[in-house]
Structure formats: structure tokens, C-alpha cells
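input.csv (CSV, C-alpha atoms and all ligand atoms)
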chain,number,residue,atom,x,y,z
I,184,MET,CA,111.8,-28.4,-7.8
I,185,ARG,CA,111.8,-32.0,-6.8
I,186,GLU,CA,111.1,-31.2,-3.2
I,187,TYR,CA,108.3,-28.8,-4.1
I,188,HIS,CA,106.6,-31.4,-6.4
I,189,TYR,CA,107.1,-34.6,-4.4
I,190,ASP,CA,107.4,-33.3,-0.8
I,191,TYR,CA,105.0,-30.4,-1.3
I,192,ALA,CA,107.4,-27.8,0.1
I,193,THR,CA,111.0,-26.6,-0.4
I,194,THR,CA,113.2,-24.0,1.3
I,195,LEU,CA,115.7,-21.6,-0.2
I,196,ASP,CA,118.2,-20.2,2.3
I,197,GLY,CA,119.9,-16.7,2.1
I,198,ILE,CA,117.2,-14.8,0.1
I,199,MET,CA,117.8,-12.0,2.7
I,200,ASP,CA,120.9,-11.7,4.9
I,201,ALA,CA,120.7,-11.8,8.7
I,202,ALA,CA,121.5,-8.1,9.3
I,203,GLN,CA,118.7,-7.0,6.9
I,204,CYS,CA,116.3,-9.4,8.6
I,205,ALA,CA,117.2,-8.0,12.0
I,206,LEU,CA,116.6,-4.4,10.8
I,207,LEU,CA,113.2,-5.3,9.4
I,208,VAL,CA,112.3,-7.0,12.7
I,209,GLU,CA,113.3,-3.9,14.6
I,210,ARG,CA,111.1,-1.7,12.4
I,211,ILE,CA,108.2,-4.2,12.6
I,212,ASN,CA,108.3,-4.3,16.4
I,213,ALA,CA,108.5,-0.5,16.6
I,214,LEU,CA,105.3,-0.3,14.5
I,215,ILE,CA,103.5,-2.9,16.7
I,216,ASP,CA,104.7,-1.0,19.9
I,217,ALA,CA,103.2,2.2,18.5
I,218,GLY,CA,99.9,0.5,18.1
I,219,GLN,CA,99.8,0.7,14.3
I,220,VAL,CA,99.2,-2.9,13.6
I,221,LYS,CA,96.1,-5.0,14.1
I,222,LEU,CA,96.1,-8.1,16.4
I,223,VAL,CA,94.2,-11.1,15.0
I,224,ASP,CA,92.8,-13.0,18.0
I,225,HIS,CA,90.0,-15.6,17.5
I,226,GLU,CA,89.3,-19.3,17.9
I,227,GLY,CA,86.8,-21.9,16.6
I,228,ARG,CA,85.3,-19.7,13.8
I,229,GLY,CA,86.9,-21.5,10.8
I,230,THR,CA,84.8,-23.9,8.7
I,231,ASP,CA,85.1,-26.0,5.6
I,232,ALA,CA,83.8,-23.0,3.6
I,233,VAL,CA,87.2,-21.3,4.1
I,234,CYS,CA,89.2,-24.5,4.2
I,235,ASP,CA,89.8,-24.2,8.0
I,236,THR,CA,89.4,-26.7,10.8
I,237,GLY,CA,88.4,-24.1,13.5
I,238,GLY,CA,91.7,-23.6,15.4
I,239,ARG,CA,93.1,-20.7,17.2
I,240,TYR,CA,94.5,-17.5,15.6
I,241,LEU,CA,96.8,-15.2,17.6
I,242,HIS,CA,99.2,-12.9,15.8
I,243,HIS,CA,99.7,-9.3,14.7
I,244,ILE,CA,99.1,-8.8,11.0
I,245,PHE,CA,100.4,-6.3,8.5
I,246,GLU,CA,97.9,-6.2,5.6
I,247,GLY,CA,98.9,-5.3,2.1
I,248,ASP,CA,98.6,-1.6,2.6
I,249,ASP,CA,100.5,-1.7,5.9
I,250,VAL,CA,103.4,-3.4,4.0
I,251,ARG,CA,103.2,-0.9,1.1
I,252,ARG,CA,103.4,2.0,3.5
I,253,HIS,CA,105.9,0.9,6.1
I,254,LEU,CA,108.0,-1.8,4.5
I,255,PRO,CA,108.0,-1.1,0.7
I,256,GLU,CA,111.1,-3.1,0.1
I,257,LEU,CA,109.1,-6.3,0.8
I,258,MET,CA,106.9,-5.4,-2.2
I,259,ALA,CA,110.1,-5.2,-4.3
I,260,VAL,CA,111.1,-8.7,-3.1
I,261,TYR,CA,107.6,-9.9,-3.9
I,262,ARG,CA,107.9,-8.7,-7.5
I,263,ALA,CA,111.6,-9.6,-7.9
I,264,ILE,CA,111.3,-13.3,-7.0
I,265,LEU,CA,108.3,-14.0,-9.3
I,266,PRO,CA,110.5,-15.7,-11.9
I,267,LEU,CA,112.2,-17.8,-9.1
I,268,VAL,CA,108.7,-18.9,-7.9
I,269,ALA,CA,107.7,-19.7,-11.4
I,270,ALA,CA,110.8,-21.8,-11.9
I,271,VAL,CA,110.6,-23.7,-8.6
I,272,THR,CA,106.9,-24.5,-9.1
I,273,SER,CA,107.0,-25.1,-12.9
I,274,GLN,CA,103.9,-22.9,-12.9
I,275,GLU,CA,102.9,-19.7,-14.7
I,276,ALA,CA,103.0,-17.8,-11.4
I,277,VAL,CA,101.3,-14.4,-11.3
I,278,LEU,CA,101.1,-11.7,-8.6
I,279,SER,CA,98.0,-11.4,-6.5
I,280,PRO,CA,95.2,-9.2,-7.8
I,281,TYR,CA,94.1,-8.6,-4.2
I,282,PRO,CA,95.8,-5.6,-2.5
I,283,ARG,CA,94.7,-6.5,1.0
I,284,SER,CA,96.4,-9.9,0.9
I,285,ASP,CA,99.2,-9.8,-1.7
I,286,VAL,CA,102.0,-9.3,0.8
I,287,ASN,CA,101.3,-9.7,4.6
I,288,ILE,CA,103.5,-10.0,7.6
I,289,LYS,CA,102.4,-12.3,10.5
I,290,VAL,CA,104.0,-11.6,13.8
I,291,TYR,CA,103.5,-14.4,16.4
I,292,PRO,CA,104.0,-13.1,19.9
I,293,PRO,CA,105.8,-15.2,22.6
I,294,GLY,CA,103.3,-17.0,24.8
I,295,GLY,CA,100.8,-18.6,22.5
I,296,GLY,CA,101.1,-16.9,19.1
I,297,THR,CA,99.6,-19.4,16.6
I,298,LEU,CA,97.6,-20.0,13.4
I,299,GLY,CA,95.0,-22.8,13.1
I,300,GLU,CA,95.0,-25.7,10.7
I,301,HIS,CA,93.9,-24.8,7.2
I,302,TYR,CA,94.5,-25.1,3.5
I,303,ASP,CA,95.6,-21.9,1.6
I,304,THR,CA,93.2,-20.5,-1.0
I,305,ASN,CA,95.9,-19.3,-3.4
I,306,GLY,CA,97.7,-21.7,-5.6
I,307,ILE,CA,101.3,-21.0,-4.5
I,308,THR,CA,102.3,-20.3,-1.0
I,309,VAL,CA,105.5,-18.5,-0.3
I,310,LEU,CA,106.8,-17.4,3.1
I,311,LEU,CA,110.0,-15.4,3.9
I,312,PHE,CA,111.0,-16.0,7.5
I,313,LEU,CA,112.6,-13.0,9.3
I,314,THR,CA,113.4,-14.7,12.5
I,315,ASP,CA,115.4,-17.8,13.6
I,316,ASN,CA,113.2,-20.0,15.8
I,317,ARG,CA,113.8,-23.1,17.8
I,318,GLU,CA,110.1,-23.5,18.5
I,319,ALA,CA,106.8,-22.9,16.8
I,320,PRO,CA,107.5,-24.7,13.5
I,321,LEU,CA,105.2,-24.8,10.5
I,322,ARG,CA,103.5,-28.2,10.7
I,323,MET,CA,102.5,-29.9,7.5
I,324,GLN,CA,100.2,-32.9,7.0
I,325,ILE,CA,101.4,-34.3,3.7
I,326,PRO,CA,99.0,-36.6,1.8
I,327,ARG,CA,100.7,-39.8,0.7
I,328,ALA,CA,99.5,-42.9,-1.1
I,329,HIS,CA,101.1,-46.1,-2.4
I,330,PRO,CA,99.4,-49.2,-3.9
I,331,SER,CA,101.0,-51.4,-1.3
I,332,ARG,CA,99.5,-49.6,1.7
I,333,GLY,CA,96.8,-47.2,0.6
I,334,ALA,CA,96.7,-43.6,1.8
I,335,TRP,CA,98.3,-42.0,4.8
I,336,VAL,CA,99.4,-38.7,6.2
I,337,GLU,CA,103.1,-37.9,6.7
I,338,ARG,CA,103.7,-35.2,9.3
I,339,ARG,CA,106.6,-32.8,8.8
I,340,THR,CA,107.7,-29.7,10.6
I,341,ILE,CA,109.8,-26.8,9.3
I,342,HIS,CA,111.5,-24.3,11.7
I,343,ALA,CA,111.9,-20.7,10.7
I,344,ARG,CA,115.3,-19.5,9.7
I,345,ALA,CA,115.9,-15.8,9.1
I,346,GLY,CA,116.2,-15.0,5.4
I,347,THR,CA,114.9,-18.4,4.2
I,348,LEU,CA,112.2,-18.7,1.7
I,349,LEU,CA,109.6,-21.5,1.9
I,350,VAL,CA,107.7,-22.5,-1.2
I,351,MET,CA,104.7,-24.8,-0.5
I,352,LYS,CA,101.7,-26.4,-2.1
I,353,GLY,CA,99.5,-24.8,0.6
I,354,ARG,CA,96.2,-25.7,-1.2
I,355,GLU,CA,97.1,-29.4,-1.0
I,356,VAL,CA,98.7,-29.7,2.5
I,357,LEU,CA,96.8,-29.1,5.7
I,358,HIS,CA,99.1,-26.9,7.8
I,359,ASP,CA,99.3,-24.7,10.9
I,360,CYS,CA,101.9,-23.0,13.1
I,361,GLU,CA,102.7,-24.6,16.4
I,362,PRO,CA,102.2,-22.1,19.2
I,363,THR,CA,105.1,-20.0,20.3
I,364,MET,CA,106.3,-20.3,23.9
I,365,SER,CA,109.2,-17.9,24.6
I,366,GLU,CA,110.2,-16.7,21.1
I,367,GLN,CA,108.7,-14.2,18.7
I,368,LYS,CA,108.2,-15.6,15.1
I,369,ILE,CA,107.8,-13.4,12.1
I,370,SER,CA,106.9,-14.6,8.6
I,371,VAL,CA,106.3,-12.5,5.5
I,372,VAL,CA,103.5,-14.1,3.5
I,373,LEU,CA,103.9,-13.7,-0.2
I,374,ASN,CA,100.7,-14.8,-2.0
I,375,TYR,CA,101.1,-15.9,-5.6
I,376,TYR,CA,98.5,-17.3,-8.0
I,377,VAL,CA,98.6,-19.2,-11.2
I,378,ARG,CA,97.5,-17.6,-14.5
I,379,GLY,CA,93.8,-18.4,-15.0
I,380,ASP,CA,93.2,-19.3,-11.4
I,381,THR,CA,93.2,-16.3,-9.1
I,382,TRP,CA,90.2,-17.6,-7.1
I,383,ARG,CA,89.8,-16.4,-3.5
I,384,HIS,CA,86.8,-17.3,-1.3
I,385,ALA,CA,84.5,-14.4,-0.9
I,386,SER,CA,84.3,-14.5,2.9
I,387,PHE,CA,88.0,-15.4,3.3
I,388,ASP,CA,89.4,-12.0,4.2
I,389,ASP,CA,86.7,-11.2,6.8
I,390,PHE,CA,87.5,-14.5,8.4
I,391,VAL,CA,91.3,-14.4,8.5
I,392,TYR,CA,91.7,-10.7,9.3
I,393,ASP,CA,88.6,-10.0,11.4
I,394,GLY,CA,87.5,-13.4,12.7
I,395,VAL,CA,84.1,-13.1,11.2
I,396,ALA,CA,82.6,-16.7,11.0
I,397,PRO,CA,81.8,-17.6,7.4
I,398,ALA,CA,78.1,-18.0,6.6
I,401,FE,FE,98.6,-21.1,5.2
Could you express the structure from this file as C-alpha cells?
Ligand SMILES: [Fe+2]
Amino acid sequence: MREYHYDYATTLDGIMDAAQCALLVERINALIDAGQVKLVDHEGRGTDAVCDTGGRYLHHIFEGDDVRRHLPELMAVYRAILPLVAAVTSQEAVLSPYPRSDVNIKVYPPGGGTLGEHYDTNGITVLLFLTDNREAPLRMQIPRAHPSRGAWVERRTIHARAGTLLVMKGREVLHDCEPTMSEQKISVVLNYYVRGDTWRHASFDDFVYDGVAPA
């Protein structure tokens, strides 16, 4: 809780064991190989309207219905850890009312898989990493301020570890994913909101999923 509140992110190891993660990765890759999963590939289309600085996006994406159909156990994880997310964040966390984006999987291919700098729209950001990576960390730009020196940005990186859960204040921290080089990186995105605030920008899904530039 201290890390979440003061460092804007915390990690919880061992939410899923390594063998279970490896099995899910196998099934995810089989679905991608079978052409069942969409590739997101766009650059320079993000704007302030969707809290994005216009970077590159390159990864396969399982949308909510893909997860429900092919990896339903991840929907169970999403529901089961709601009390944990509420406890860590001290928030009245609620599940997403948006079926397209409640649970997604982002699969960054080796050789340039990435995600541009942005703020998240939902109040509580949770990722479950399915791979161990020595490259392509999550990069955070943490806003800091102190009366002795004014405001500055602290940069921090977090490498994926299979089975580890990341809980982050994604609305307050500008963040991106450093491009992959030789490794594949897979993150399950678990989108939670706070009671009374389930706002989501109207053009957001068309931008993140389809690369349609916001008006
Ligand atoms: Fe994000």
C-alpha cells in the first residue's frame, strides 16, 4: 500500500505460478499463429484528447471477448482479485463496465514490440505479467515535488516477471513499454475503476485498438 500510494506502483509476486504462466503463453501463441488475434500497428496518432503523446504501438491484442472465449480463467482471476486491488489501493475498486476493454492481453513480438507514452483512462491499472523479460521494461515517469527543489520527474523501470501482478496509478504516471529486441513480452491488462468514476474517453477504443486518430 505504501509503494502504491507514494511510488505510484507496486508489484505482488507469485499471483500465478511459472508452469501455469507457461501454459497460458503456449495457448496465446497458438491462437496468434492461427491468425485469430488482431495486430495493433500504428504510430503518431495519439493526442492529448486520449492522454497520449503520439508514440508507436506494435503488439497483438486480445480484446475482452477474445479473453472470455479463449482464456476464461483470466476472467476468473480478474474477479477474484478485486478485494486485493481494493485493499492495495484503499479504493472502492469496481470491475469495468466495458466488455471490450475489461480484460485484454498485450503480446509484444520480438523485434520492436512496443506501446507509446500515455496516461491510462481508468482509475486503477493492474497488469499480470506472463513472461520473464530482461528487456522491454515498463517505463514510468513519476511526478515528484518538494518545497526545497520544486517539481521534477523521477524515471523508473519495471521488468516483467511471470506471475507477478503490477498495480499502478496509471492516470497519474506517464508510462510506456520500451521496445522488445529479442524477447516476447506478454501482459494481461486488468482494467479496474473506482465506484462513481467509470469514465472512459469516447474515442479511446477506436484509437488504441484500431489506430483511428481522435477528432
Ligand atoms: Fe497504460
For chain I against ligand FE 401 (chain I), with a cut-off of 12 Å and counting all atoms listed in the file, what is the closest atom pair and its distance in Å to one decimal for every residue that makes the cut, ordered by chain and number, as a Markdown table?
| residue | atom | partner | partner_atom | distance |
| --- | --- | --- | --- | --- |
| I:Val233 | CA | I:FE401 | FE | 11.5 |
| I:Cys234 | CA | I:FE401 | FE | 10.0 |
| I:Asp235 | CA | I:FE401 | FE | 9.7 |
| I:Tyr240 | CA | I:FE401 | FE | 11.7 |
| I:Asn287 | CA | I:FE401 | FE | 11.7 |
| I:Lys289 | CA | I:FE401 | FE | 11.0 |
| I:Thr297 | CA | I:FE401 | FE | 11.6 |
| I:Leu298 | CA | I:FE401 | FE | 8.3 |
| I:Gly299 | CA | I:FE401 | FE | 8.8 |
| I:Glu300 | CA | I:FE401 | FE | 8.0 |
| I:His301 | CA | I:FE401 | FE | 6.3 |
| I:Tyr302 | CA | I:FE401 | FE | 6.0 |
| I:Asp303 | CA | I:FE401 | FE | 4.8 |
| I:Thr304 | CA | I:FE401 | FE | 8.2 |
| I:Asn305 | CA | I:FE401 | FE | 9.2 |
| I:Gly306 | CA | I:FE401 | FE | 10.9 |
| I:Ile307 | CA | I:FE401 | FE | 10.1 |
| I:Thr308 | CA | I:FE401 | FE | 7.3 |
| I:Val309 | CA | I:FE401 | FE | 9.2 |
| I:Leu310 | CA | I:FE401 | FE | 9.2 |
| I:Leu321 | CA | I:FE401 | FE | 9.2 |
| I:Arg322 | CA | I:FE401 | FE | 10.2 |
| I:Met323 | CA | I:FE401 | FE | 9.9 |
| I:Leu349 | CA | I:FE401 | FE | 11.5 |
| I:Val350 | CA | I:FE401 | FE | 11.2 |
| I:Met351 | CA | I:FE401 | FE | 9.1 |
| I:Lys352 | CA | I:FE401 | FE | 9.5 |
| I:Gly353 | CA | I:FE401 | FE | 6.0 |
| I:Arg354 | CA | I:FE401 | FE | 8.2 |
| I:Glu355 | CA | I:FE401 | FE | 10.5 |
| I:Val356 | CA | I:FE401 | FE | 9.0 |
| I:Leu357 | CA | I:FE401 | FE | 8.2 |
| I:His358 | CA | I:FE401 | FE | 6.4 |
| I:Asp359 | CA | I:FE401 | FE | 6.8 |
| I:Cys360 | CA | I:FE401 | FE | 8.8 |
| I:Ser370 | CA | I:FE401 | FE | 11.1 |
| I:Val371 | CA | I:FE401 | FE | 11.5 |
| I:Val372 | CA | I:FE401 | FE | 8.7 |
| I:Leu373 | CA | I:FE401 | FE | 10.6 |
| I:Asn374 | CA | I:FE401 | FE | 9.8 |
| I:Val391 | CA | I:FE401 | FE | 10.4 |
Deliver the residues from the most recent selection as a file, using C-alpha atoms, as an mmCIF file, in the coordinates of the input.
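Produced file selection09.cif, reproduced below:
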data_model
loop_
_atom_site.group_PDB
_atom_site.id
_atom_site.type_symbol
_atom_site.label_atom_id
_atom_site.label_comp_id
_atom_site.auth_asym_id
_atom_site.auth_seq_id
_atom_site.Cartn_x
_atom_site.Cartn_y
_atom_site.Cartn_z
ATOM 1 C CA VAL I 233 87.200 -21.300 4.100
ATOM 2 C CA CYS I 234 89.200 -24.500 4.200
ATOM 3 C CA ASP I 235 89.800 -24.200 8.000
ATOM 4 C CA TYR I 240 94.500 -17.500 15.600
ATOM 5 C CA ASN I 287 101.300 -9.700 4.600
ATOM 6 C CA LYS I 289 102.400 -12.300 10.500
ATOM 7 C CA THR I 297 99.600 -19.400 16.600
ATOM 8 C CA LEU I 298 97.600 -20.000 13.400
ATOM 9 C CA GLY I 299 95.000 -22.800 13.100
ATOM 10 C CA GLU I 300 95.000 -25.700 10.700
ATOM 11 C CA HIS I 301 93.900 -24.800 7.200
ATOM 12 C CA TYR I 302 94.500 -25.100 3.500
ATOM 13 C CA ASP I 303 95.600 -21.900 1.600
ATOM 14 C CA THR I 304 93.200 -20.500 -1.000
ATOM 15 C CA ASN I 305 95.900 -19.300 -3.400
ATOM 16 C CA GLY I 306 97.700 -21.700 -5.600
ATOM 17 C CA ILE I 307 101.300 -21.000 -4.500
ATOM 18 C CA THR I 308 102.300 -20.300 -1.000
ATOM 19 C CA VAL I 309 105.500 -18.500 -0.300
ATOM 20 C CA LEU I 310 106.800 -17.400 3.100
ATOM 21 C CA LEU I 321 105.200 -24.800 10.500
ATOM 22 C CA ARG I 322 103.500 -28.200 10.700
ATOM 23 C CA MET I 323 102.500 -29.900 7.500
ATOM 24 C CA LEU I 349 109.600 -21.500 1.900
ATOM 25 C CA VAL I 350 107.700 -22.500 -1.200
ATOM 26 C CA MET I 351 104.700 -24.800 -0.500
ATOM 27 C CA LYS I 352 101.700 -26.400 -2.100
ATOM 28 C CA GLY I 353 99.500 -24.800 0.600
ATOM 29 C CA ARG I 354 96.200 -25.700 -1.200
ATOM 30 C CA GLU I 355 97.100 -29.400 -1.000
ATOM 31 C CA VAL I 356 98.700 -29.700 2.500
ATOM 32 C CA LEU I 357 96.800 -29.100 5.700
ATOM 33 C CA HIS I 358 99.100 -26.900 7.800
ATOM 34 C CA ASP I 359 99.300 -24.700 10.900
ATOM 35 C CA CYS I 360 101.900 -23.000 13.100
ATOM 36 C CA SER I 370 106.900 -14.600 8.600
ATOM 37 C CA VAL I 371 106.300 -12.500 5.500
ATOM 38 C CA VAL I 372 103.500 -14.100 3.500
ATOM 39 C CA LEU I 373 103.900 -13.700 -0.200
ATOM 40 C CA ASN I 374 100.700 -14.800 -2.000
ATOM 41 C CA VAL I 391 91.300 -14.400 8.500
#
Quote the spacing between CA of Leu222 in chain I and CA of Tyr281 in chain I in Å to one decimal place.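 These atoms are spaced 20.7 Å apart.
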Select all residues near (94.6, -4.4, -1.0) (cut-off 10 Å, inclusive, file coordinates), counting all atoms listed in the file, and output them as a PDB file with C-alpha atoms, keeping the file's coordinate frame.
ATOM      1  CA  GLU I 246      97.900  -6.200   5.600  1.00  0.00           C
ATOM      2  CA  GLY I 247      98.900  -5.300   2.100  1.00  0.00           C
ATOM      3  CA  ASP I 248      98.600  -1.600   2.600  1.00  0.00           C
ATOM      4  CA  ASP I 249     100.500  -1.700   5.900  1.00  0.00           C
ATOM      5  CA  ARG I 251     103.200  -0.900   1.100  1.00  0.00           C
ATOM      6  CA  SER I 279      98.000 -11.400  -6.500  1.00  0.00           C
ATOM      7  CA  PRO I 280      95.200  -9.200  -7.800  1.00  0.00           C
ATOM      8  CA  TYR I 281      94.100  -8.600  -4.200  1.00  0.00           C
ATOM      9  CA  PRO I 282      95.800  -5.600  -2.500  1.00  0.00           C
ATOM     10  CA  ARG I 283      94.700  -6.500   1.000  1.00  0.00           C
ATOM     11  CA  SER I 284      96.400  -9.900   0.900  1.00  0.00           C
ATOM     12  CA  ASP I 285      99.200  -9.800  -1.700  1.00  0.00           C
ATOM     13  CA  VAL I 286     102.000  -9.300   0.800  1.00  0.00           C
TER      14      VAL I 286
END
Compile the contact shell of range 271-273 of chain I as a VMD selection string: residues with an atom at most 8 Å away, counting all atoms listed in the file, same-chain residues fewer than 4 positions apart removed. chain I and resid 184 187 to 188 267
Point-to-point distance from CA of Asp388 in chain I to CA of Ala263 in chain I, Å rounded to tenths: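 We find that CA of Asp388 in chain I and CA of Ala263 in chain I lie 25.4 Å from each other.
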Using all atoms listed in the file, determine which residues lie at most 10 Å from Arg317 in chain I, disregarding the query and same-chain residues fewer than 4 positions distant; provide the list as an MDAnalysis selection string. chainID I and resid 342:344 363 365:366 368
Rounded to one decimal, what separation in Å do you get between CA of Ile244 in chain I and CA of Tyr392 in chain I?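 We find that CA of Ile244 in chain I and CA of Tyr392 in chain I lie 7.8 Å from each other.
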What are the nearest atom pairs, with distances in Å to one decimal, for all residues of range 253-341 of chain I that come at most 12 Å from range 200-218 of chain I, using only C-alpha atoms, set out by chain and rising residue number as a Markdown table?
| residue | atom | partner | partner_atom | distance |
| --- | --- | --- | --- | --- |
| I:His253 | CA | I:Leu214 | CA | 8.5 |
| I:Leu254 | CA | I:Leu207 | CA | 8.0 |
| I:Pro255 | CA | I:Leu207 | CA | 11.0 |
| I:Glu256 | CA | I:Leu207 | CA | 9.8 |
| I:Leu257 | CA | I:Leu207 | CA | 9.6 |
| I:Asn287 | CA | I:Ile211 | CA | 11.9 |
| I:Ile288 | CA | I:Ile211 | CA | 9.0 |
| I:Lys289 | CA | I:Ile211 | CA | 10.2 |
| I:Val290 | CA | I:Ile211 | CA | 8.6 |
| I:Tyr291 | CA | I:Asn212 | CA | 11.2 |
| I:Pro292 | CA | I:Asn212 | CA | 10.4 |
| I:Leu311 | CA | I:Cys204 | CA | 9.9 |
| I:Phe312 | CA | I:Cys204 | CA | 8.5 |
| I:Leu313 | CA | I:Cys204 | CA | 5.2 |
| I:Thr314 | CA | I:Cys204 | CA | 7.2 |
| I:Asp315 | CA | I:Ala201 | CA | 9.4 |
Export of the given selection (C-alpha atoms) as a PDB file, in the coordinates of the input:
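Saved result, out-v3.pdb, follows:
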ATOM      1  CA  HIS I 253     105.900   0.900   6.100  1.00  0.00           C
ATOM      2  CA  LEU I 254     108.000  -1.800   4.500  1.00  0.00           C
ATOM      3  CA  PRO I 255     108.000  -1.100   0.700  1.00  0.00           C
ATOM      4  CA  GLU I 256     111.100  -3.100   0.100  1.00  0.00           C
ATOM      5  CA  LEU I 257     109.100  -6.300   0.800  1.00  0.00           C
ATOM      6  CA  ASN I 287     101.300  -9.700   4.600  1.00  0.00           C
ATOM      7  CA  ILE I 288     103.500 -10.000   7.600  1.00  0.00           C
ATOM      8  CA  LYS I 289     102.400 -12.300  10.500  1.00  0.00           C
ATOM      9  CA  VAL I 290     104.000 -11.600  13.800  1.00  0.00           C
ATOM     10  CA  TYR I 291     103.500 -14.400  16.400  1.00  0.00           C
ATOM     11  CA  PRO I 292     104.000 -13.100  19.900  1.00  0.00           C
ATOM     12  CA  LEU I 311     110.000 -15.400   3.900  1.00  0.00           C
ATOM     13  CA  PHE I 312     111.000 -16.000   7.500  1.00  0.00           C
ATOM     14  CA  LEU I 313     112.600 -13.000   9.300  1.00  0.00           C
ATOM     15  CA  THR I 314     113.400 -14.700  12.500  1.00  0.00           C
ATOM     16  CA  ASP I 315     115.400 -17.800  13.600  1.00  0.00           C
TER      17      ASP I 315
END
Could you give me, as a list in words, the residues within 9 Å of Val277 in chain I, counting only C-alpha atoms and dropping anything in the same chain fewer than 5 positions from it? Leu265, Ala269, Tyr375, Tyr376, Val377, Arg378 and Thr381 of chain I
Of I:Ala270, I:Leu278, I:Ile198, I:Val220, the one nearest to Val250 in chain I when counting all atoms listed in the file is I:Val220
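Closest approach to Gln324 in chain I among I:Arg338, I:His225, I:Arg185, I:His243 is made by I:Arg338 (distances from all atoms listed in the file).
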Gly237 in chain I proximity check over I:Phe390, I:Ala345, I:Ser331, I:Lys221, using all atoms listed in the file: winner is I:Phe390
Missing atoms in range 200-216 of chain I need filling: write out N, CA and C atoms for it as a short mmCIF file (atom, residue, chain, number, x, y, z; two decimals), in the frame of the given file.
data_model
loop_
_atom_site.label_atom_id
_atom_site.label_comp_id
_atom_site.auth_asym_id
_atom_site.auth_seq_id
_atom_site.Cartn_x
_atom_site.Cartn_y
_atom_site.Cartn_z
N ASP I 200 119.84 -11.39 3.93
CA ASP I 200 120.90 -11.70 4.90
C ASP I 200 120.40 -11.38 6.34
N ALA I 201 121.11 -11.91 7.32
CA ALA I 201 120.70 -11.80 8.70
C ALA I 201 120.55 -10.40 9.21
N ALA I 202 121.49 -9.54 8.81
CA ALA I 202 121.50 -8.10 9.30
C ALA I 202 120.24 -7.42 8.74
N GLN I 203 119.92 -7.66 7.47
CA GLN I 203 118.70 -7.00 6.90
C GLN I 203 117.46 -7.54 7.55
N CYS I 204 117.41 -8.82 7.85
CA CYS I 204 116.30 -9.40 8.60
C CYS I 204 116.11 -8.71 9.93
N ALA I 205 117.23 -8.55 10.66
CA ALA I 205 117.20 -8.00 12.00
C ALA I 205 116.68 -6.53 11.95
N LEU I 206 117.10 -5.79 10.91
CA LEU I 206 116.60 -4.40 10.80
C LEU I 206 115.12 -4.36 10.52
N LEU I 207 114.64 -5.25 9.68
CA LEU I 207 113.20 -5.30 9.40
C LEU I 207 112.43 -5.65 10.67
N VAL I 208 112.97 -6.62 11.45
CA VAL I 208 112.30 -7.00 12.70
C VAL I 208 112.20 -5.84 13.64
N GLU I 209 113.27 -5.05 13.72
CA GLU I 209 113.30 -3.90 14.60
C GLU I 209 112.16 -2.89 14.17
N ARG I 210 112.07 -2.63 12.88
CA ARG I 210 111.10 -1.70 12.40
C ARG I 210 109.64 -2.25 12.60
N ILE I 211 109.48 -3.55 12.37
CA ILE I 211 108.20 -4.20 12.60
C ILE I 211 107.74 -4.07 14.03
N ASN I 212 108.67 -4.34 14.94
CA ASN I 212 108.30 -4.30 16.40
C ASN I 212 108.03 -2.85 16.82
N ALA I 213 108.74 -1.87 16.24
CA ALA I 213 108.50 -0.50 16.60
C ALA I 213 107.05 -0.08 16.18
N LEU I 214 106.62 -0.56 15.02
CA LEU I 214 105.30 -0.30 14.50
C LEU I 214 104.21 -0.93 15.42
N ILE I 215 104.49 -2.16 15.84
CA ILE I 215 103.50 -2.90 16.70
C ILE I 215 103.48 -2.12 18.07
N ASP I 216 104.65 -1.75 18.63
CA ASP I 216 104.70 -1.00 19.90
C ASP I 216 103.93 0.29 19.82
#
